[in-house]
file structure.txt (compact mmCIF, C-alpha atoms)
# COMPACT_ATOMS: atom_id res chain seq x y z
CA MET A 1 104.92 -39.66 -65.08
CA SER A 2 106.20 -40.01 -61.55
CA GLY A 3 106.97 -43.66 -62.16
CA ASP A 4 109.60 -42.77 -64.75
CA ARG A 5 112.65 -43.88 -62.76
CA ALA A 6 115.12 -42.20 -65.06
CA ALA A 7 113.52 -38.83 -64.54
CA THR A 8 112.29 -39.04 -60.97
CA ALA A 9 114.35 -37.37 -58.29
CA SER A 10 115.74 -40.28 -56.34
CA SER A 11 118.09 -38.93 -53.73
CA SER A 12 117.96 -36.23 -51.10
CA ARG A 13 120.38 -34.24 -53.25
CA ASN A 14 117.49 -33.79 -55.64
CA VAL A 15 115.08 -32.45 -53.03
CA LEU A 16 114.66 -29.03 -51.49
CA SER A 17 112.35 -28.53 -48.53
CA PHE A 18 111.16 -25.17 -47.27
CA SER A 19 108.68 -23.93 -44.75
CA VAL A 20 106.49 -21.52 -46.71
CA LEU A 21 104.14 -19.63 -44.36
CA ASN A 22 104.82 -22.51 -41.94
CA ALA A 23 103.67 -25.10 -44.48
CA PRO A 24 106.33 -27.71 -45.38
CA ILE A 25 106.86 -27.87 -49.12
CA ALA A 26 109.25 -30.21 -50.94
CA ILE A 27 110.46 -29.61 -54.49
CA ARG A 28 111.98 -32.57 -56.27
CA SER A 29 113.81 -32.71 -59.54
CA ALA A 30 116.82 -34.35 -61.14
CA GLU A 31 117.24 -31.12 -63.12
CA PRO A 32 119.71 -28.84 -61.25
CA ARG A 33 118.18 -25.68 -62.73
CA VAL A 34 114.88 -26.44 -60.97
CA LEU A 35 116.53 -26.63 -57.57
CA ALA A 36 118.63 -23.54 -58.30
CA ALA A 37 115.48 -21.59 -59.22
CA PHE A 38 113.60 -22.56 -56.06
CA ARG A 39 116.67 -22.05 -53.91
CA ARG A 40 116.72 -18.44 -55.09
CA LEU A 41 112.97 -18.04 -54.71
CA TYR A 42 112.76 -19.31 -51.14
CA CYS A 43 116.31 -18.48 -49.99
CA ARG A 44 115.00 -16.30 -47.13
CA LEU A 45 112.54 -18.87 -45.83
CA PRO A 46 113.39 -21.51 -43.23
CA GLU A 47 114.20 -24.99 -44.44
CA ALA A 48 111.85 -27.81 -43.54
CA SER A 49 112.71 -31.40 -42.84
CA PRO A 50 112.56 -33.44 -46.08
CA GLN A 51 110.65 -36.03 -44.07
CA ALA A 52 107.94 -33.57 -43.01
CA ALA A 53 104.59 -34.42 -44.53
CA GLY A 54 103.57 -31.53 -46.71
CA HIS A 55 103.05 -30.39 -50.25
CA GLN A 56 105.13 -32.34 -52.76
CA VAL A 57 106.02 -30.86 -56.14
CA GLU A 58 108.15 -32.58 -58.72
CA ILE A 59 109.44 -31.43 -62.09
CA LEU A 60 110.33 -34.18 -64.53
CA ALA A 61 112.10 -34.08 -67.86
CA HIS A 62 110.82 -36.47 -70.53
CA GLU A 63 113.66 -36.41 -72.99
CA GLU A 64 111.78 -38.58 -75.49
CA ASP A 65 109.17 -35.85 -75.87
CA SER A 66 110.74 -33.04 -77.90
CA GLU A 67 107.56 -30.91 -78.03
CA THR A 68 106.53 -30.85 -74.37
CA PRO A 69 109.34 -32.42 -72.34
CA TRP A 70 108.60 -30.80 -68.97
CA GLN A 71 106.05 -31.99 -66.47
CA THR A 72 105.13 -30.59 -63.08
CA ILE A 73 103.53 -33.07 -60.72
CA ALA A 74 101.57 -31.98 -57.66
CA ALA A 75 98.35 -33.12 -56.05
CA ASP A 76 96.51 -29.97 -57.15
CA LEU A 77 97.75 -29.85 -60.76
CA PRO A 78 96.22 -31.42 -63.86
CA GLU A 79 98.45 -33.71 -65.87
CA ARG A 80 99.67 -31.41 -68.61
CA ARG A 81 103.18 -31.18 -69.97
CA GLN A 82 104.99 -27.93 -70.67
CA ALA A 83 107.08 -26.92 -73.65
CA THR A 84 109.58 -24.99 -71.56
CA LEU A 85 111.29 -25.40 -68.23
CA GLY A 86 110.18 -21.85 -67.38
CA GLY A 87 106.54 -22.89 -67.84
CA ALA A 88 107.02 -25.90 -65.57
CA LEU A 89 108.75 -23.76 -62.92
CA ARG A 90 105.96 -21.17 -62.90
CA GLN A 91 103.35 -23.91 -62.63
CA ALA A 92 105.22 -25.48 -59.71
CA GLU A 93 105.64 -22.12 -57.99
CA ALA A 94 101.92 -21.32 -58.32
CA SER A 95 101.08 -24.71 -56.80
CA CYS A 96 103.42 -24.04 -53.83
CA CYS A 97 101.93 -20.57 -53.33
CA ILE A 98 98.33 -21.76 -53.38
CA HIS A 99 99.11 -24.59 -50.98
CA ALA A 100 100.94 -22.29 -48.55
CA ILE A 101 98.11 -19.74 -48.53
CA ARG A 102 95.49 -22.43 -47.95
CA ALA A 103 97.51 -23.92 -45.12
CA ALA A 104 98.19 -20.61 -43.37
CA ARG A 105 94.81 -20.29 -41.75
CA GLU A 106 96.10 -18.17 -38.88
CA LEU A 107 97.45 -15.52 -41.26
CA ILE A 108 95.67 -13.06 -43.54
CA THR A 109 96.84 -12.81 -47.12
CA ILE A 110 96.24 -9.75 -49.27
CA HIS A 111 96.71 -9.28 -52.99
CA ALA A 112 99.42 -6.59 -52.91
CA ALA A 113 103.10 -5.96 -53.60
CA THR A 114 105.43 -5.39 -50.66
CA VAL A 115 108.32 -2.91 -50.99
CA VAL A 116 110.66 -1.79 -48.20
CA PHE A 117 111.56 1.85 -47.48
CA GLU A 118 113.53 3.41 -44.64
CA SER A 119 110.26 4.58 -43.09
CA GLY A 120 108.60 1.15 -43.31
CA LEU A 121 106.68 -0.95 -45.77
CA ALA A 122 104.75 0.29 -48.77
CA LEU A 123 101.99 -1.98 -49.99
CA ILE A 124 100.87 -1.52 -53.59
CA THR A 125 97.54 -2.92 -54.58
CA GLY A 126 95.30 -2.60 -57.60
CA ASP A 127 93.36 -4.65 -60.08
CA SER A 128 95.13 -7.39 -62.01
CA GLY A 129 96.88 -5.74 -64.94
CA ALA A 130 97.15 -2.37 -63.15
CA GLY A 131 100.94 -2.53 -63.36
CA LYS A 132 101.89 -3.62 -59.82
CA THR A 133 104.65 -5.97 -60.95
CA THR A 134 106.33 -3.51 -63.32
CA LEU A 135 106.09 -0.71 -60.76
CA THR A 136 107.48 -2.97 -58.02
CA LEU A 137 110.47 -3.81 -60.20
CA ALA A 138 110.95 -0.14 -61.12
CA LEU A 139 111.19 0.52 -57.36
CA ALA A 140 113.69 -2.35 -57.09
CA ALA A 141 115.70 -0.62 -59.84
CA ARG A 142 115.79 2.41 -57.48
CA GLY A 143 117.36 0.30 -54.78
CA ARG A 144 114.21 -0.54 -52.85
CA PRO A 145 114.22 -4.12 -51.54
CA VAL A 146 111.18 -6.13 -52.55
CA ASP A 147 109.50 -9.01 -50.72
CA GLY A 148 107.10 -9.80 -53.52
CA ASP A 149 104.68 -8.36 -56.04
CA ASP A 150 101.56 -10.40 -55.44
CA VAL A 151 100.86 -11.77 -51.97
CA THR A 152 101.23 -9.83 -48.73
CA VAL A 153 100.94 -11.73 -45.47
CA VAL A 154 99.52 -10.13 -42.33
CA ASP A 155 100.01 -11.55 -38.86
CA PRO A 156 96.76 -10.54 -37.13
CA GLU A 157 98.37 -10.94 -33.70
CA THR A 158 101.04 -8.30 -34.31
CA GLY A 159 99.67 -6.29 -37.25
CA LEU A 160 103.07 -6.76 -38.91
CA VAL A 161 103.39 -7.63 -42.56
CA CYS A 162 105.76 -9.32 -44.99
CA GLY A 163 105.53 -10.42 -48.59
CA LEU A 164 105.45 -13.96 -49.89
CA PRO A 165 108.22 -14.48 -52.48
CA ARG A 166 106.78 -15.34 -55.87
CA CYS A 167 108.29 -15.37 -59.33
CA PHE A 168 107.50 -12.23 -61.33
CA HIS A 169 105.32 -12.54 -64.42
CA LEU A 170 106.42 -10.05 -67.07
CA ASP A 171 105.35 -9.50 -70.64
CA GLU A 172 107.60 -8.11 -73.39
CA ARG A 173 106.30 -4.57 -72.92
CA SER A 174 107.13 -4.58 -69.20
CA ILE A 175 110.56 -6.03 -69.89
CA GLY A 176 111.20 -3.16 -72.33
CA LEU A 177 109.94 -0.52 -69.88
CA LEU A 178 112.19 -1.91 -67.14
CA LEU A 179 115.16 -1.90 -69.49
CA ASP A 180 114.51 1.84 -69.94
CA GLU A 181 114.63 2.12 -66.14
CA GLY A 182 118.04 0.46 -66.08
CA LEU A 183 116.83 -2.96 -64.96
CA ASP A 184 117.71 -5.72 -67.41
CA VAL A 185 115.55 -8.48 -65.93
CA ARG A 186 116.63 -11.01 -68.56
CA ALA A 187 120.22 -10.69 -67.39
CA ARG A 188 119.17 -11.43 -63.81
CA GLU A 189 116.72 -14.29 -64.11
CA VAL A 190 117.98 -17.74 -63.22
CA CYS A 191 116.39 -19.52 -66.13
CA GLU A 192 113.69 -19.03 -68.75
CA GLY A 193 111.87 -16.08 -67.26
CA PHE A 194 111.88 -17.34 -63.66
CA LEU A 195 112.78 -14.04 -61.98
CA THR A 196 112.57 -13.97 -58.19
CA PRO A 197 112.75 -11.16 -55.57
CA SER A 198 116.27 -12.25 -54.62
CA ASP A 199 117.37 -11.63 -58.23
CA VAL A 200 116.56 -7.92 -57.83
CA GLY A 201 117.54 -7.39 -54.18
CA ASP A 202 114.98 -8.93 -51.89
CA ALA A 203 113.94 -7.54 -48.54
CA GLY A 204 114.59 -10.58 -46.42
CA VAL A 205 110.95 -11.47 -45.77
CA ARG A 206 110.97 -9.90 -42.32
CA ALA A 207 107.72 -8.78 -40.71
CA ARG A 208 107.51 -4.99 -40.57
CA PRO A 209 104.94 -2.27 -39.93
CA VAL A 210 103.09 -0.77 -42.89
CA ARG A 211 103.62 2.96 -43.48
CA ALA A 212 101.68 3.41 -46.71
CA LEU A 213 99.14 1.64 -48.85
CA PHE A 214 98.98 2.70 -52.50
CA LEU A 215 96.02 1.89 -54.70
CA LEU A 216 97.33 1.87 -58.26
CA ARG A 217 94.85 3.00 -60.88
CA PRO A 218 95.17 3.65 -64.62
CA GLY A 219 96.07 7.20 -65.56
CA ASP A 220 96.04 9.15 -68.77
CA GLY A 221 99.02 11.45 -68.37
CA ALA A 222 102.78 11.30 -68.25
CA ARG A 223 102.81 12.49 -64.66
CA PRO A 224 101.27 10.39 -61.90
CA GLU A 225 98.60 11.92 -59.67
CA VAL A 226 98.65 11.06 -55.99
CA SER A 227 95.83 11.84 -53.59
CA ARG A 228 95.57 10.95 -49.92
CA ARG A 229 92.38 9.12 -49.05
CA PRO A 230 90.69 8.23 -45.72
CA LEU A 231 91.94 5.06 -44.05
CA SER A 232 88.36 3.79 -43.92
CA GLU A 233 88.54 3.45 -47.72
CA ALA A 234 91.77 1.49 -47.31
CA VAL A 235 90.10 -0.97 -44.95
CA ALA A 236 87.18 -1.44 -47.35
CA LEU A 237 89.70 -1.92 -50.17
CA LEU A 238 91.70 -4.52 -48.25
CA ASP A 239 88.49 -6.37 -47.49
CA GLY A 240 88.11 -6.79 -51.25
CA GLN A 241 91.69 -7.95 -51.75
CA THR A 242 91.71 -10.88 -49.36
CA GLY A 243 89.97 -13.49 -51.45
CA PRO A 244 86.87 -15.55 -50.76
CA ARG A 245 88.22 -17.24 -47.64
CA TYR A 246 87.84 -14.14 -45.52
CA ARG A 247 84.28 -13.01 -44.99
CA PRO A 248 83.77 -9.44 -43.84
CA SER A 249 83.62 -9.33 -40.07
CA THR A 250 84.21 -6.92 -37.25
CA GLU A 251 87.28 -8.95 -36.34
CA LEU A 252 88.76 -8.69 -39.85
CA PHE A 253 88.20 -4.92 -39.92
CA GLN A 254 89.87 -4.64 -36.52
CA HIS A 255 92.89 -6.49 -37.91
CA PHE A 256 93.07 -4.11 -40.88
CA SER A 257 92.62 -1.13 -38.60
CA ARG A 258 95.56 -2.32 -36.55
CA LEU A 259 97.60 -3.01 -39.68
CA LEU A 260 97.02 0.57 -40.85
CA GLY A 261 97.47 2.10 -37.39
CA ASP A 262 100.58 4.01 -38.42
CA ALA A 263 99.92 4.17 -42.16
CA SER A 264 98.61 6.54 -44.80
CA PHE A 265 96.48 5.59 -47.78
CA PHE A 266 97.05 7.03 -51.24
CA GLU A 267 95.34 6.59 -54.56
CA ILE A 268 97.88 6.89 -57.34
CA ARG A 269 96.85 7.41 -60.95
CA ARG A 270 99.66 5.96 -62.97
CA GLY A 271 101.84 8.14 -65.17
CA GLU A 272 104.96 7.03 -66.98
CA LEU A 273 106.65 4.17 -65.17
CA GLY A 274 109.72 6.12 -64.05
CA SER A 275 107.71 9.15 -62.88
CA THR A 276 105.29 6.91 -60.97
CA ALA A 277 108.10 5.08 -59.20
CA ASP A 278 109.84 8.40 -58.40
CA ARG A 279 106.61 9.78 -56.97
CA ILE A 280 106.20 6.81 -54.65
CA VAL A 281 109.82 7.21 -53.47
CA GLU A 282 109.06 10.90 -52.83
CA VAL A 283 105.87 10.16 -50.89
CA MET A 284 107.64 7.55 -48.75
CA GLY A 285 110.43 10.04 -48.11
CA ASP A 286 107.89 12.62 -46.93
CA ILE A 287 106.30 10.07 -44.63
CA GLY A 288 109.67 9.26 -43.11
CA SER A 289 110.75 12.85 -42.55
CA MET B 1 61.26 12.60 -37.43
CA ASN B 2 64.84 12.66 -36.27
CA PRO B 3 67.21 10.36 -38.17
CA LYS B 4 68.21 7.19 -36.33
CA ARG B 5 70.93 4.66 -37.05
CA LYS B 6 69.81 1.16 -37.96
CA ASP B 7 70.50 -1.47 -35.31
CA GLY B 8 73.24 -3.92 -36.17
CA VAL B 9 75.54 -1.43 -37.86
CA GLN B 10 78.94 -1.52 -36.20
CA VAL B 11 81.49 1.26 -36.38
CA GLN B 12 85.20 0.64 -36.83
CA ASP B 13 87.13 3.82 -36.06
CA LEU B 14 90.38 4.45 -37.94
CA PRO B 15 93.38 6.42 -36.68
CA ASP B 16 92.78 9.33 -39.09
CA GLY B 17 89.24 9.89 -37.75
CA SER B 18 87.46 8.20 -40.65
CA ALA B 19 85.37 5.11 -39.93
CA LEU B 20 83.92 2.02 -41.46
CA LEU B 21 80.19 1.37 -41.04
CA TYR B 22 79.67 -2.36 -41.10
CA ASP B 23 76.14 -3.60 -41.64
CA THR B 24 76.20 -7.02 -39.99
CA GLU B 25 72.84 -7.90 -41.53
CA THR B 26 74.10 -7.61 -45.11
CA ALA B 27 77.83 -8.20 -44.32
CA THR B 28 78.64 -4.98 -46.16
CA ALA B 29 81.14 -2.31 -45.12
CA TYR B 30 80.87 1.37 -46.02
CA PRO B 31 83.82 3.73 -45.56
CA VAL B 32 82.95 7.23 -44.35
CA THR B 33 84.99 10.37 -43.74
CA GLU B 34 85.71 11.83 -40.32
CA THR B 35 82.86 14.35 -40.70
CA ALA B 36 80.41 11.67 -41.78
CA ALA B 37 81.48 9.44 -38.90
CA LEU B 38 80.71 12.22 -36.42
CA ALA B 39 77.38 12.91 -38.07
CA TRP B 40 76.54 9.20 -37.95
CA ARG B 41 77.04 9.15 -34.21
CA GLY B 42 74.66 12.08 -33.95
CA PHE B 43 71.85 10.21 -35.70
CA ASP B 44 70.52 8.71 -32.47
CA GLY B 45 66.85 9.48 -32.98
CA GLU B 46 67.03 12.08 -30.21
CA ARG B 47 68.85 14.85 -32.05
CA SER B 48 67.41 16.69 -35.02
CA VAL B 49 69.30 17.21 -38.28
CA ASP B 50 69.82 20.84 -37.23
CA ASP B 51 71.33 19.68 -33.92
CA VAL B 52 73.81 17.48 -35.79
CA VAL B 53 74.68 20.29 -38.21
CA ASP B 54 75.29 22.63 -35.24
CA GLN B 55 77.51 20.04 -33.61
CA LEU B 56 79.62 19.68 -36.76
CA HIS B 57 79.71 23.44 -37.30
CA ALA B 58 81.18 23.87 -33.84
CA ARG B 59 83.88 21.33 -34.66
CA PHE B 60 84.87 22.16 -38.26
CA GLU B 61 85.83 25.41 -39.93
CA ALA B 62 83.26 25.44 -42.71
CA GLU B 63 80.16 27.46 -43.53
CA ARG B 64 77.10 26.16 -41.74
CA GLU B 65 75.22 25.99 -45.04
CA THR B 66 77.98 23.86 -46.58
CA ILE B 67 77.86 21.47 -43.63
CA ALA B 68 74.06 21.33 -43.81
CA ASP B 69 74.31 20.39 -47.51
CA ASP B 70 76.84 17.67 -46.72
CA VAL B 71 74.66 16.26 -43.94
CA ARG B 72 71.63 16.22 -46.24
CA LYS B 73 73.60 14.31 -48.88
CA LEU B 74 74.93 11.94 -46.23
CA LEU B 75 71.41 11.19 -45.00
CA GLU B 76 70.27 10.44 -48.56
CA ASP B 77 73.28 8.19 -49.04
CA LEU B 78 72.75 6.34 -45.74
CA GLU B 79 69.07 5.91 -46.47
CA SER B 80 69.77 4.51 -49.94
CA LYS B 81 72.16 1.99 -48.35
CA GLY B 82 69.60 0.99 -45.75
CA LEU B 83 71.70 2.17 -42.83
CA LEU B 84 68.96 4.25 -41.16
CA GLN B 85 65.83 3.18 -39.36
CA PRO B 86 62.90 3.54 -41.74
CA SER B 87 60.82 6.66 -41.09
CA GLY B 88 58.03 5.85 -38.64
CA ALA B 89 59.84 2.83 -37.23
call {"tool": "encode", "arguments": {"input": "structure.txt", "output": "structure tokens"}}
result
Amino acid sequence: MSGDRAATASSSRNVLSFSVLNAPIAIRSAEPRVLAAFRRLYCRLPEASPQAAGHQVEILAHEEDSETPWQTIAADLPERRQATLGGALRQAEASCCIHAIRAARELITIHAATVVFESGLALITGDSGAGKTTLTLALAARGRPVDGDDVTVVDPETGLVCGLPRCFHLDERSIGLLLDEGLDVRAREVCEGFLTPSDVGDAGVRARPVRALFLLRPGDGARPEVSRRPLSEAVALLDGQTGPRYRPSTELFQHFSRLLGDASFFEIRRGELGSTADRIVEVMGDIGS
Amino acid sequence: MNPKRKDGVQVQDLPDGSALLYDTETATAYPVTETAALAWRGFDGERSVDDVVDQLHARFEAERETIADDVRKLLEDLESKGLLQPSGA
């Protein structure tokens, strides 16, 4: 509980404050690994004043509870303890992300990964479970900086885009596939599965133009299949990836049209992880040449 | 009866020539190809289907019969989505 004086962060040394999509967020914990994890996650974002009213998240350690010692406290979270620090960190991170998205009413958020190439940004979207995270990290293993694998943020005023840093969620199969690609994620994570974009070479969260949107679909072969599709399909797709807050409107479609003004849209049927990542690198190279 | 676009359908043009038809009444968006977008603009109630096919044939390097087939399918598709004025309206 937050009233547990022994566990509650009590000095400013135990607080980190960031401005996430312009929303002040404070993370408190007496556990140094918590602050280290969030420092890596939000290292590219501006700091906020610790006094700024905003979202407050706290991670407590209840040493008397050997089964579920970790607790994340935030206004939007149910009271439920976690068995691992990694679980508490992911819960805290999700709470920060949801709060930031809700607060950023002037921005448009899209469910997509954001990867940086010389020619500009590649956005990768697809249904949950399509393999966006693993593919994003396979591109990171090829030296491509990554903003994030889940939330892309569009500034409707400029049409420029950046990713919101989030921790990656990986299962054992993905971890094995990435090891085959030369990326040992376990060796890079700060603690207990809390892997952040900065652990694999982040992109700096700088707004950039989009050069390609990839829709990742399941495939049934070793080799990926890429087909160029009309941009109108991309706009309709993005409309479906923005969440319930954004109702279809002429204004929203104009924003997407502007976002895709210098972009191409590709449907990619997934092949083996390495071949799929190589194909995306190839396509982005062709776009840039 | 010449085909006519339903009122309240807005067109968002995209840089590659394709377009999004947005039915404001149902808040539904339909992506169409460049060819379909041009055909859509031709469905003004004044021009016949043959006029629209001729217009597309002059613009694209395809057999007239192929274009006519595509326009027929497009009309069926638009009608099924409620994007055309009902016949007789």
call {"tool": "closest_residue", "arguments": {"input": "structure.txt", "among": "A:Thr68, A:Ser232, A:Ser128, A:Gln241", "to": "Phe253 of chain A", "atoms": "only C-alpha atoms"}}
result
A:Ser232
call {"tool": "closest_residue", "arguments": {"input": "structure.txt", "among": "B:Pro3, B:Ala27, B:Lys81, B:Ser87", "to": "Gly45 of chain B", "atoms": "all atoms listed in the file"}}
result
B:Pro3
call {"tool": "atom_distance", "arguments": {"input": "structure.txt", "atom1": "atom CA of Pro15 of chain B", "atom2": "atom CA of Asp50 of chain B"}}
result
27.6 Å
call {"tool": "closest_residue", "arguments": {"input": "structure.txt", "among": "A:Ile287, A:Val235, A:Ala277, A:Ala207", "to": "chain B", "atoms": "all atoms listed in the file"}}
result
A:Val235
call {"tool": "atom_distance", "arguments": {"input": "structure.txt", "atom1": "atom CA of Asp220 of chain A", "atom2": "atom CA of Arg269 of chain A"}}
result
8.1 Å
call {"tool": "atom_distance", "arguments": {"input": "structure.txt", "atom1": "atom CA of Ser249 of chain A", "atom2": "atom CA of Glu233 of chain A"}}
result
15.7 Å
call {"tool": "interface_residues", "arguments": {"input": "structure.txt", "of": "chain B", "to": "chain A", "cutoff": "8 Å", "atoms": "all atoms listed in the file", "output": "compact mmCIF listing (two decimals) with C-alpha atoms, in the frame of the given file"}}
result
# COMPACT_ATOMS: atom_id res chain seq x y z
CA GLN B 10 78.94 -1.52 -36.20
CA GLN B 12 85.20 0.64 -36.83
CA ASP B 13 87.13 3.82 -36.06
CA LEU B 14 90.38 4.45 -37.94
CA PRO B 15 93.38 6.42 -36.68
CA ASP B 16 92.78 9.33 -39.09
CA SER B 18 87.46 8.20 -40.65
CA ALA B 19 85.37 5.11 -39.93
CA LEU B 20 83.92 2.02 -41.46
CA TYR B 22 79.67 -2.36 -41.10
CA THR B 24 76.20 -7.02 -39.99
CA ALA B 27 77.83 -8.20 -44.32
CA THR B 28 78.64 -4.98 -46.16
CA ALA B 29 81.14 -2.31 -45.12
CA TYR B 30 80.87 1.37 -46.02
CA PRO B 31 83.82 3.73 -45.56
CA VAL B 32 82.95 7.23 -44.35
CA THR B 33 84.99 10.37 -43.74
call {"tool": "closest_residue", "arguments": {"input": "structure.txt", "among": "A:Ala130, A:Ala113, A:Leu179, A:Leu252", "to": "Ile268 of chain A", "atoms": "only C-alpha atoms"}}
result
A:Ala130
call {"tool": "closest_residue", "arguments": {"input": "structure.txt", "among": "A:Ser95, A:Tyr42, A:Ala138, A:Leu273", "to": "Asp184 of chain A", "atoms": "only C-alpha atoms"}}
result
A:Ala138
call {"tool": "residues_around", "arguments": {"input": "structure.txt", "residues": "Leu74 of chain B", "least_positions_apart": "5", "cutoff": "12 Å", "atoms": "all atoms listed in the file", "output": "PDB file with C-alpha atoms, in the coordinates of the input"}}
result
ATOM      1  CA  PRO B   3      67.210  10.360 -38.170  1.00  0.00           C
ATOM      2  CA  VAL B  32      82.950   7.230 -44.350  1.00  0.00           C
ATOM      3  CA  THR B  33      84.990  10.370 -43.740  1.00  0.00           C
ATOM      4  CA  THR B  35      82.860  14.350 -40.700  1.00  0.00           C
ATOM      5  CA  ALA B  36      80.410  11.670 -41.780  1.00  0.00           C
ATOM      6  CA  ALA B  37      81.480   9.440 -38.900  1.00  0.00           C
ATOM      7  CA  LEU B  38      80.710  12.220 -36.420  1.00  0.00           C
ATOM      8  CA  ALA B  39      77.380  12.910 -38.070  1.00  0.00           C
ATOM      9  CA  TRP B  40      76.540   9.200 -37.950  1.00  0.00           C
ATOM     10  CA  PHE B  43      71.850  10.210 -35.700  1.00  0.00           C
ATOM     11  CA  VAL B  49      69.300  17.210 -38.280  1.00  0.00           C
ATOM     12  CA  VAL B  52      73.810  17.480 -35.790  1.00  0.00           C
ATOM     13  CA  VAL B  53      74.680  20.290 -38.210  1.00  0.00           C
ATOM     14  CA  ILE B  67      77.860  21.470 -43.630  1.00  0.00           C
ATOM     15  CA  ALA B  68      74.060  21.330 -43.810  1.00  0.00           C
ATOM     16  CA  ASP B  69      74.310  20.390 -47.510  1.00  0.00           C
ATOM     17  CA  GLU B  79      69.070   5.910 -46.470  1.00  0.00           C
ATOM     18  CA  SER B  80      69.770   4.510 -49.940  1.00  0.00           C
ATOM     19  CA  LYS B  81      72.160   1.990 -48.350  1.00  0.00           C
ATOM     20  CA  LEU B  83      71.700   2.170 -42.830  1.00  0.00           C
ATOM     21  CA  LEU B  84      68.960   4.250 -41.160  1.00  0.00           C
TER      22      LEU B  84
END
call {"tool": "closest_residue", "arguments": {"input": "structure.txt", "among": "B:Leu75, B:Asp54, B:Ala62, B:Asp23", "to": "Gly8 of chain B", "atoms": "all atoms listed in the file"}}
result
B:Asp23
call {"tool": "residues_around", "arguments": {"input": "structure.txt", "residues": "Cys43 of chain A", "least_positions_apart": "6", "cutoff": "12 Å", "atoms": "all atoms listed in the file", "output": "count of residues only"}}
result
21
call {"tool": "residues_around", "arguments": {"input": "structure.txt", "residues": "Thr134 of chain A", "least_positions_apart": "6", "cutoff": "9 Å", "atoms": "all atoms listed in the file", "output": "list in words"}}
result
Asp149, Leu170, Ser174, Ile175, Leu177, Leu178 and Leu273 of chain A
call {"tool": "build_atoms", "arguments": {"input": "structure.txt", "residues": "segment 224-239 of chain A", "atoms": "N, CA and C atoms", "output": "PDB file, in the coordinates of the input"}}
result
ATOM      1  N   PRO A 224     102.228  11.067 -62.788  1.00  0.00           N
ATOM      2  CA  PRO A 224     101.270  10.390 -61.900  1.00  0.00           C
ATOM      3  C   PRO A 224     100.549  11.400 -61.019  1.00  0.00           C
ATOM      4  N   GLU A 225      99.342  11.063 -60.599  1.00  0.00           N
ATOM      5  CA  GLU A 225      98.600  11.920 -59.670  1.00  0.00           C
ATOM      6  C   GLU A 225      98.373  11.142 -58.391  1.00  0.00           C
ATOM      7  N   VAL A 226      98.780  11.732 -57.295  1.00  0.00           N
ATOM      8  CA  VAL A 226      98.650  11.060 -55.990  1.00  0.00           C
ATOM      9  C   VAL A 226      97.687  11.848 -55.125  1.00  0.00           C
ATOM     10  N   SER A 227      96.728  11.154 -54.536  1.00  0.00           N
ATOM     11  CA  SER A 227      95.830  11.840 -53.590  1.00  0.00           C
ATOM     12  C   SER A 227      95.688  10.985 -52.333  1.00  0.00           C
ATOM     13  N   ARG A 228      95.746  11.655 -51.201  1.00  0.00           N
ATOM     14  CA  ARG A 228      95.570  10.950 -49.920  1.00  0.00           C
ATOM     15  C   ARG A 228      94.081  10.688 -49.706  1.00  0.00           C
ATOM     16  N   ARG A 229      93.764   9.513 -49.247  1.00  0.00           N
ATOM     17  CA  ARG A 229      92.380   9.120 -49.050  1.00  0.00           C
ATOM     18  C   ARG A 229      92.182   8.664 -47.592  1.00  0.00           C
ATOM     19  N   PRO A 230      90.939   8.686 -47.102  1.00  0.00           N
ATOM     20  CA  PRO A 230      90.690   8.230 -45.720  1.00  0.00           C
ATOM     21  C   PRO A 230      91.068   6.760 -45.524  1.00  0.00           C
ATOM     22  N   LEU A 231      91.554   6.447 -44.343  1.00  0.00           N
ATOM     23  CA  LEU A 231      91.940   5.060 -44.050  1.00  0.00           C
ATOM     24  C   LEU A 231      90.742   4.113 -44.098  1.00  0.00           C
ATOM     25  N   SER A 232      89.542   4.663 -43.856  1.00  0.00           N
ATOM     26  CA  SER A 232      88.360   3.790 -43.920  1.00  0.00           C
ATOM     27  C   SER A 232      88.214   3.199 -45.330  1.00  0.00           C
ATOM     28  N   GLU A 233      88.595   3.974 -46.347  1.00  0.00           N
ATOM     29  CA  GLU A 233      88.540   3.450 -47.720  1.00  0.00           C
ATOM     30  C   GLU A 233      89.589   2.357 -47.906  1.00  0.00           C
ATOM     31  N   ALA A 234      90.724   2.518 -47.219  1.00  0.00           N
ATOM     32  CA  ALA A 234      91.770   1.490 -47.310  1.00  0.00           C
ATOM     33  C   ALA A 234      91.281   0.175 -46.714  1.00  0.00           C
ATOM     34  N   VAL A 235      90.594   0.258 -45.592  1.00  0.00           N
ATOM     35  CA  VAL A 235      90.100  -0.970 -44.950  1.00  0.00           C
ATOM     36  C   VAL A 235      89.071  -1.655 -45.861  1.00  0.00           C
ATOM     37  N   ALA A 236      88.170  -0.864 -46.434  1.00  0.00           N
ATOM     38  CA  ALA A 236      87.180  -1.440 -47.350  1.00  0.00           C
ATOM     39  C   ALA A 236      87.877  -2.052 -48.562  1.00  0.00           C
ATOM     40  N   LEU A 237      88.946  -1.389 -49.023  1.00  0.00           N
ATOM     41  CA  LEU A 237      89.700  -1.920 -50.170  1.00  0.00           C
ATOM     42  C   LEU A 237      90.368  -3.243 -49.804  1.00  0.00           C
ATOM     43  N   LEU A 238      91.016  -3.289 -48.653  1.00  0.00           N
ATOM     44  CA  LEU A 238      91.700  -4.520 -48.250  1.00  0.00           C
ATOM     45  C   LEU A 238      90.715  -5.667 -48.100  1.00  0.00           C
ATOM     46  N   ASP A 239      89.520  -5.347 -47.616  1.00  0.00           N
ATOM     47  CA  ASP A 239      88.490  -6.370 -47.490  1.00  0.00           C
ATOM     48  C   ASP A 239      88.230  -7.041 -48.845  1.00  0.00           C
TER      49      ASP A 239
END
